[in-house]
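A.B. asks: The structure file input.txt (compact mmCIF, C-alpha atoms) is provided below.
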# COMPACT_ATOMS: atom_id res chain seq x y z
CA MET T 281 50.33 27.43 -46.32
CA CYS T 282 52.29 24.79 -48.21
CA ASP T 283 55.46 25.64 -46.29
CA ASN T 284 53.52 25.42 -43.04
CA MET T 285 52.20 21.95 -43.98
CA TRP T 286 55.71 20.64 -44.72
CA GLU T 287 56.91 22.06 -41.43
CA LYS T 288 54.18 20.14 -39.58
CA LEU T 289 55.02 16.92 -41.46
CA SER T 290 58.68 17.41 -40.63
CA ASN T 291 57.85 17.78 -36.95
CA LEU T 292 55.72 14.62 -37.03
CA LYS T 293 58.58 12.69 -38.62
CA LYS T 294 60.98 13.78 -35.92
CA PHE T 295 58.50 12.76 -33.26
CA TYR T 296 57.83 9.25 -34.58
CA VAL T 297 61.32 8.22 -35.66
CA LYS T 298 62.73 5.88 -33.03
CA LYS T 299 66.24 4.67 -32.49
CA SER T 300 66.64 1.15 -33.87
CA SER T 301 66.70 -1.55 -31.21
CA LYS T 302 68.63 -3.86 -33.53
CA ARG T 303 72.26 -4.49 -32.78
CA GLY T 304 74.93 -3.02 -35.01
CA ASN T 305 75.89 -4.73 -38.24
CA ASN T 306 79.63 -4.14 -38.00
CA ARG T 307 81.94 -7.03 -38.82
CA MET T 308 84.71 -6.75 -36.27
CA ALA T 309 88.22 -7.99 -35.65
CA LEU T 310 89.08 -7.96 -31.94
CA LEU T 311 92.78 -7.76 -31.10
CA VAL T 312 93.65 -8.13 -27.40
CA ASP T 313 97.00 -6.98 -26.04
CA GLY T 314 97.35 -9.78 -23.47
CA PRO T 315 100.37 -8.61 -21.44
CA ASN T 316 98.91 -5.11 -21.27
CA MET T 317 95.29 -5.97 -20.43
CA LEU T 318 94.99 -9.51 -19.04
CA ARG T 319 96.49 -8.52 -15.73
CA LYS T 320 95.58 -9.41 -12.17
CA GLU T 321 94.65 -5.83 -11.27
CA PHE T 322 92.04 -5.68 -14.05
CA ASN T 323 90.63 -9.21 -13.63
CA ILE T 324 88.89 -8.96 -17.01
CA ASP T 325 86.17 -11.36 -18.14
CA LEU T 326 86.48 -11.81 -21.91
CA ASP T 327 82.90 -13.09 -22.11
CA LYS T 328 81.67 -9.72 -20.84
CA ILE T 329 83.81 -7.95 -23.43
CA ARG T 330 82.14 -10.09 -26.08
CA GLU T 331 78.68 -9.19 -24.73
CA VAL T 332 79.43 -5.47 -24.99
CA LEU T 333 80.79 -5.80 -28.52
CA ASP T 334 77.66 -7.73 -29.55
CA GLU T 335 75.90 -4.36 -29.43
CA PHE T 336 78.13 -3.16 -32.26
CA GLY T 337 77.94 -6.24 -34.47
CA THR T 338 79.66 -9.58 -35.02
CA ILE T 339 83.17 -10.57 -33.97
CA VAL T 340 84.55 -12.25 -37.08
CA ILE T 341 88.13 -12.46 -35.81
CA GLY T 342 89.06 -12.65 -32.13
CA ARG T 343 92.75 -12.87 -31.27
CA VAL T 344 94.50 -12.64 -27.93
CA TYR T 345 98.22 -11.90 -28.20
CA LEU T 346 100.42 -13.43 -25.51
CA ASN T 347 104.13 -13.59 -24.83
CA GLN T 348 106.20 -16.75 -24.51
CA TYR T 349 105.76 -16.76 -20.74
CA ALA T 350 101.99 -17.31 -20.89
CA SER T 351 100.96 -20.44 -19.00
CA ASP T 352 99.35 -23.41 -20.71
CA LYS T 353 96.34 -22.90 -18.43
CA LEU T 354 95.86 -19.32 -19.66
CA ILE T 355 96.25 -20.35 -23.30
CA GLU T 356 93.71 -23.15 -22.88
CA ALA T 357 91.24 -20.86 -21.08
CA ILE T 358 91.41 -18.30 -23.90
CA ALA T 359 90.87 -20.99 -26.54
CA ASN T 360 87.92 -22.40 -24.58
CA GLN T 361 86.28 -18.96 -24.65
CA GLY T 362 86.35 -19.01 -28.44
CA PHE T 363 89.33 -16.72 -28.99
CA GLU T 364 92.51 -17.49 -30.90
CA PRO T 365 95.67 -17.36 -28.75
CA ARG T 366 98.66 -15.91 -30.63
CA ILE T 367 101.94 -16.66 -28.89
CA SER T 368 104.86 -14.39 -29.69
CA ALA T 369 108.49 -15.12 -28.88
CA GLY T 370 109.34 -11.49 -29.57
CA ASP T 371 107.55 -8.19 -29.01
CA VAL T 372 103.80 -8.78 -28.68
CA ASP T 373 103.03 -5.17 -29.62
CA VAL T 374 104.89 -5.47 -32.92
CA GLU T 375 103.11 -8.66 -33.99
CA MET T 376 99.71 -7.29 -33.01
CA ALA T 377 100.33 -3.99 -34.82
CA VAL T 378 101.52 -5.77 -37.98
CA GLU T 379 98.48 -8.06 -38.07
CA GLY T 380 96.22 -5.11 -37.29
CA THR T 381 97.65 -3.30 -40.30
CA GLU T 382 97.12 -6.38 -42.49
CA LEU T 383 93.43 -6.38 -41.51
CA ILE T 384 93.06 -3.02 -43.27
CA PHE T 385 93.01 -4.94 -46.55
CA ASN T 386 90.52 -7.56 -45.35
CA ASN T 387 87.24 -6.67 -47.05
CA ASN T 388 85.35 -8.94 -44.67
CA ILE T 389 86.21 -6.60 -41.77
CA ASP T 390 84.91 -3.04 -41.41
CA THR T 391 85.77 -2.42 -37.75
CA ILE T 392 88.98 -3.15 -35.85
CA VAL T 393 88.79 -3.33 -32.06
CA TYR T 394 92.01 -2.74 -30.16
CA MET T 395 91.93 -3.85 -26.54
CA THR T 396 94.97 -2.08 -25.13
CA ARG T 397 96.10 0.95 -23.16
CA ASP T 398 99.25 1.39 -25.23
CA ALA T 399 99.91 4.37 -27.51
CA ASP T 400 102.30 2.20 -29.57
CA PHE T 401 99.30 1.18 -31.69
CA LEU T 402 98.57 4.75 -32.75
CA PRO T 403 100.28 4.44 -36.21
CA ALA T 404 98.36 1.22 -36.99
CA ILE T 405 95.08 2.79 -35.86
CA ARG T 406 95.71 5.94 -37.89
CA LYS T 407 96.49 3.88 -41.00
CA ALA T 408 93.30 1.84 -40.55
CA LYS T 409 91.18 5.00 -40.34
CA GLU T 410 92.84 6.37 -43.47
CA HIS T 411 91.58 3.26 -45.28
CA GLY T 412 88.03 3.71 -44.02
CA LYS T 413 88.03 1.24 -41.14
CA LYS T 414 86.14 2.08 -37.95
CA ILE T 415 88.10 1.83 -34.72
CA ILE T 416 86.90 0.81 -31.28
CA VAL T 417 89.37 1.00 -28.41
CA ILE T 418 88.89 -0.89 -25.15
CA GLY T 419 91.12 0.06 -22.24
CA ALA T 420 91.42 0.74 -18.55
CA GLU T 421 93.01 3.15 -16.15
CA PRO T 422 95.69 3.79 -15.14
CA GLY T 423 97.79 4.38 -18.21
CA PHE T 424 95.03 4.40 -20.83
CA SER T 425 96.55 6.43 -23.69
CA THR T 426 94.66 9.66 -24.35
CA ALA T 427 95.95 9.66 -27.94
CA ILE T 428 94.31 6.38 -28.93
CA GLN T 429 91.12 7.38 -27.11
CA ASN T 430 90.91 10.59 -29.12
CA ILE T 431 91.47 8.95 -32.49
CA ALA T 432 89.01 6.07 -31.94
CA ASP T 433 85.43 6.15 -33.21
CA HIS T 434 84.27 4.61 -29.95
CA VAL T 435 85.98 4.12 -26.59
CA ILE T 436 85.02 1.51 -24.00
CA LYS T 437 86.52 1.93 -20.55
CA ILE T 438 86.74 -1.20 -18.46
CA GLU T 439 85.29 -0.92 -14.98
CA GLU T 440 83.97 -3.34 -12.36
CA ASP T 441 81.19 -4.55 -14.68
CA PHE T 442 83.82 -6.28 -16.81
CA GLU T 443 85.49 -8.13 -13.96
CA LEU T 444 85.25 -11.84 -13.38
CA ASP T 445 82.60 -12.80 -10.86
CA ARG T 446 84.53 -15.54 -9.07
CA GLU T 447 81.52 -16.72 -7.07
CA LYS T 448 79.49 -17.03 -10.26
CA LEU T 449 82.39 -18.78 -11.98
CA GLU T 450 82.68 -21.36 -9.19
CA GLN T 451 78.94 -21.99 -9.34
CA LYS T 452 79.21 -22.44 -13.11
CA LYS T 453 81.92 -25.07 -12.58
CA LYS T 454 79.74 -26.91 -10.04
CA ASP T 455 76.73 -26.83 -12.37
CA LYS T 456 78.89 -28.19 -15.18
CA LYS T 457 80.14 -31.02 -12.96
CA ASN T 458 76.60 -31.89 -11.83
CA LEU T 459 75.45 -31.90 -15.44
CA GLY T 460 78.35 -34.18 -16.36
CA ASP T 461 77.50 -36.58 -13.52
CA LYS T 462 73.87 -36.65 -14.59
CA LYS T 463 74.83 -37.30 -18.21
CA GLU T 464 77.18 -40.11 -17.16
CA LYS T 465 74.42 -41.70 -15.09
CA MET T 466 71.96 -41.53 -18.01
CA GLU T 467 74.52 -43.07 -20.37
CA LYS T 468 75.12 -45.89 -17.89
CA GLU T 469 71.39 -46.53 -17.58
CA MET T 470 71.09 -46.62 -21.37
CA GLU T 471 73.97 -49.09 -21.61
CA ASP T 472 72.26 -51.27 -19.01
CA LYS T 473 69.02 -51.22 -21.00
CA ILE T 474 70.84 -52.19 -24.20
CA ASP T 475 72.59 -55.03 -22.39
CA ILE T 476 69.25 -56.29 -21.11
CA GLU T 477 67.64 -56.14 -24.55
CA ASN T 478 70.58 -58.00 -26.10
CA GLU T 479 70.33 -60.77 -23.54
CA MET T 480 66.56 -61.00 -23.95
CA GLU T 481 66.98 -61.48 -27.69
CA LYS T 482 69.27 -64.41 -27.00
CA GLY T 483 66.61 -65.92 -24.72
CA GLU T 484 69.20 -66.36 -22.00
CA ASP T 485 69.27 -65.49 -18.33
CA TYR T 486 70.87 -62.15 -17.66
CA THR T 487 71.89 -60.17 -14.66
CA LYS T 488 71.76 -56.48 -13.98
CA GLN T 489 73.74 -54.64 -11.39
CA LYS T 490 71.59 -52.12 -9.56
CA ASP T 491 72.11 -50.30 -6.26
CA GLY T 492 74.96 -52.64 -5.42
CA LYS T 493 72.76 -55.79 -5.65
CA LYS T 494 72.45 -58.40 -8.38
CA ARG T 495 69.04 -59.13 -9.77
CA THR T 496 68.56 -62.25 -11.92
CA ILE T 497 65.70 -62.22 -14.39
CA LYS T 498 64.65 -65.06 -16.66
CA SER T 499 63.09 -64.51 -20.06
Show me this structure written as structure tokens.
C.D. replies:
Amino acid sequence: MCDNMWEKLSNLKKFYVKKSSKRGNNRMALLVDGPNMLRKEFNIDLDKIREVLDEFGTIVIGRVYLNQYASDKLIEAIANQGFEPRISAGDVDVEMAVEGTELIFNNNIDTIVYMTRDADFLPAIRKAKEHGKKIIVIGAEPGFSTAIQNIADHVIKIEEDFELDREKLEQKKKDKKNLGDKKEKMEKEMEDKIDIENEMEKGEDYTKQKDGKKRTIKS
């Protein structure tokens, strides 16, 4: 009877336990192989990559590795998205692999995210796992290394959902411009009000420019 009771309790426990809706608590370092992944054919939106990784935890370090031919516009865009551009005059893969290996000894990081298709990072990934780090690999076809997919704890394959929505991006730019114009107008109105108050304190006549006409008001 006792065994039967514990069996029933066990079944109840299985029934009521729910998967946590909280996001993961991993502290991640994201390393992006720029020449390999930030390509025209993939059209990747880094903000969407960030959104997906938010499900796993917090990005503590976010680096995008670029070669010396990267344009100033690309470098600025990456920085504006909150990532650290790392410009290499030599082999980007080597620098990224070396810094990835150094992160093994960073106690503030428990998960290393490699965004690449390249099997050259296999030794660095293997070494990280040997030291207890979790590995997430983000890549795309064609050419997404099967070896790094098999060794990773989690694999994210980039598809259309990760691509830049150019129409949405253009609208975002327009909204930003409209917001800037509105802010500028409000600041100008505030300056006008301050000018008026200053003149009123002096007890002098003052003029205010409005709608292209001058209005003269006496205190």
A.B. asks: Check the smallest atom-to-atom distance from each of T:Gln348, T:Asn386, T:Asn305, T:Thr381 to Ile367 (chain T) using only C-alpha atoms, then report the winner.
C.D. replies: T:Gln348
A.B. asks: Go through T:Ala427, T:Ala404, T:Leu459, T:Leu346 one by one, measure the shortest atom-to-atom distance of each to Gly380 (chain T) using all atoms listed in the file, and give the residue with the smallest value.
C.D. replies: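 Counting all atoms listed in the file, the residue closest to Gly380 (chain T) is T:Ala404.
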A.B. asks: Which residue out of T:Leu402, T:Ile355, T:Ala309, T:Ala408 has the minimum interatomic distance to Gly337 (chain T) when all atoms listed in the file are used?
C.D. replies: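 Using all atoms listed in the file, Gly337 (chain T) sits closest to T:Ala309.
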A.B. asks: Which value, in Å to one decimal, gives the distance between CA of Leu333 (chain T) and CA of Asp313 (chain T)?
C.D. replies: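 Separation of CA of Leu333 (chain T) and CA of Asp313 (chain T): 16.4 Å.
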A.B. asks: CA of Asp371 (chain T) and CA of Ile384 (chain T), how far apart in Å?
C.D. replies: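 Answer for the CA of Ile384 (chain T) to CA of Asp371 (chain T) separation: 21.0 Å.
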A.B. asks: Which residue out of T:Asp398, T:Phe322, T:Ile431, T:Ile389 has the minimum interatomic distance to Glu410 (chain T) when all atoms listed in the file are used?
C.D. replies: T:Ile431
A.B. asks: With a distance cut-off of 7 Å and all atoms listed in the file, select the neighbouring residues of Lys437 (chain T), excluding the residue or stretch itself and same-chain residues fewer than 3 positions from it, and output the selection as a list in words.
C.D. replies: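 The residues satisfying every condition are Ile418, Gly419 and Ala420 of chain T.
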A.B. asks: Pick out the closest residue to Ala399 (chain T) from this set: T:Leu383, T:Val332, T:Ala377, T:Ile358. Count all atoms listed in the file.
C.D. replies: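 Selected residue with least distance to Ala399 (chain T): T:Ala377.
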A.B. asks: May I ask which of the residues T:Asp400, T:Glu439, T:Glu464, T:Asp433 is the closest one to Asn316 (chain T), counting all atoms listed in the file?
C.D. replies: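 Checking each candidate against Asn316 (chain T), we get T:Asp400 as the closest.
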A.B. asks: Quick one: everything within 8 Å of Asp390 (chain T), counting all atoms listed in the file, minus sequence neighbours fewer than 4 positions away in the same chain. Send it as a list in words.
C.D. replies: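 After dropping sequence-adjacent residues, the list is Asn306, Arg307, Met308, Gly412, Lys413 and Lys414 of chain T.
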A.B. asks: Write out, as an mmCIF file, keeping the file's coordinate frame, the residues just selected, with C-alpha atoms.
C.D. replies:
data_model
loop_
_atom_site.group_PDB
_atom_site.id
_atom_site.type_symbol
_atom_site.label_atom_id
_atom_site.label_comp_id
_atom_site.auth_asym_id
_atom_site.auth_seq_id
_atom_site.Cartn_x
_atom_site.Cartn_y
_atom_site.Cartn_z
ATOM 1 C CA ASN T 306 79.630 -4.140 -38.000
ATOM 2 C CA ARG T 307 81.940 -7.030 -38.820
ATOM 3 C CA MET T 308 84.710 -6.750 -36.270
ATOM 4 C CA GLY T 412 88.030 3.710 -44.020
ATOM 5 C CA LYS T 413 88.030 1.240 -41.140
ATOM 6 C CA LYS T 414 86.140 2.080 -37.950
#
A.B. asks: In Å, with one decimal, what is the gap from CA of Gly314 (chain T) to CA of Arg343 (chain T)?
C.D. replies: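 One can read the CA of Gly314 (chain T) to CA of Arg343 (chain T) distance as 9.6 Å.
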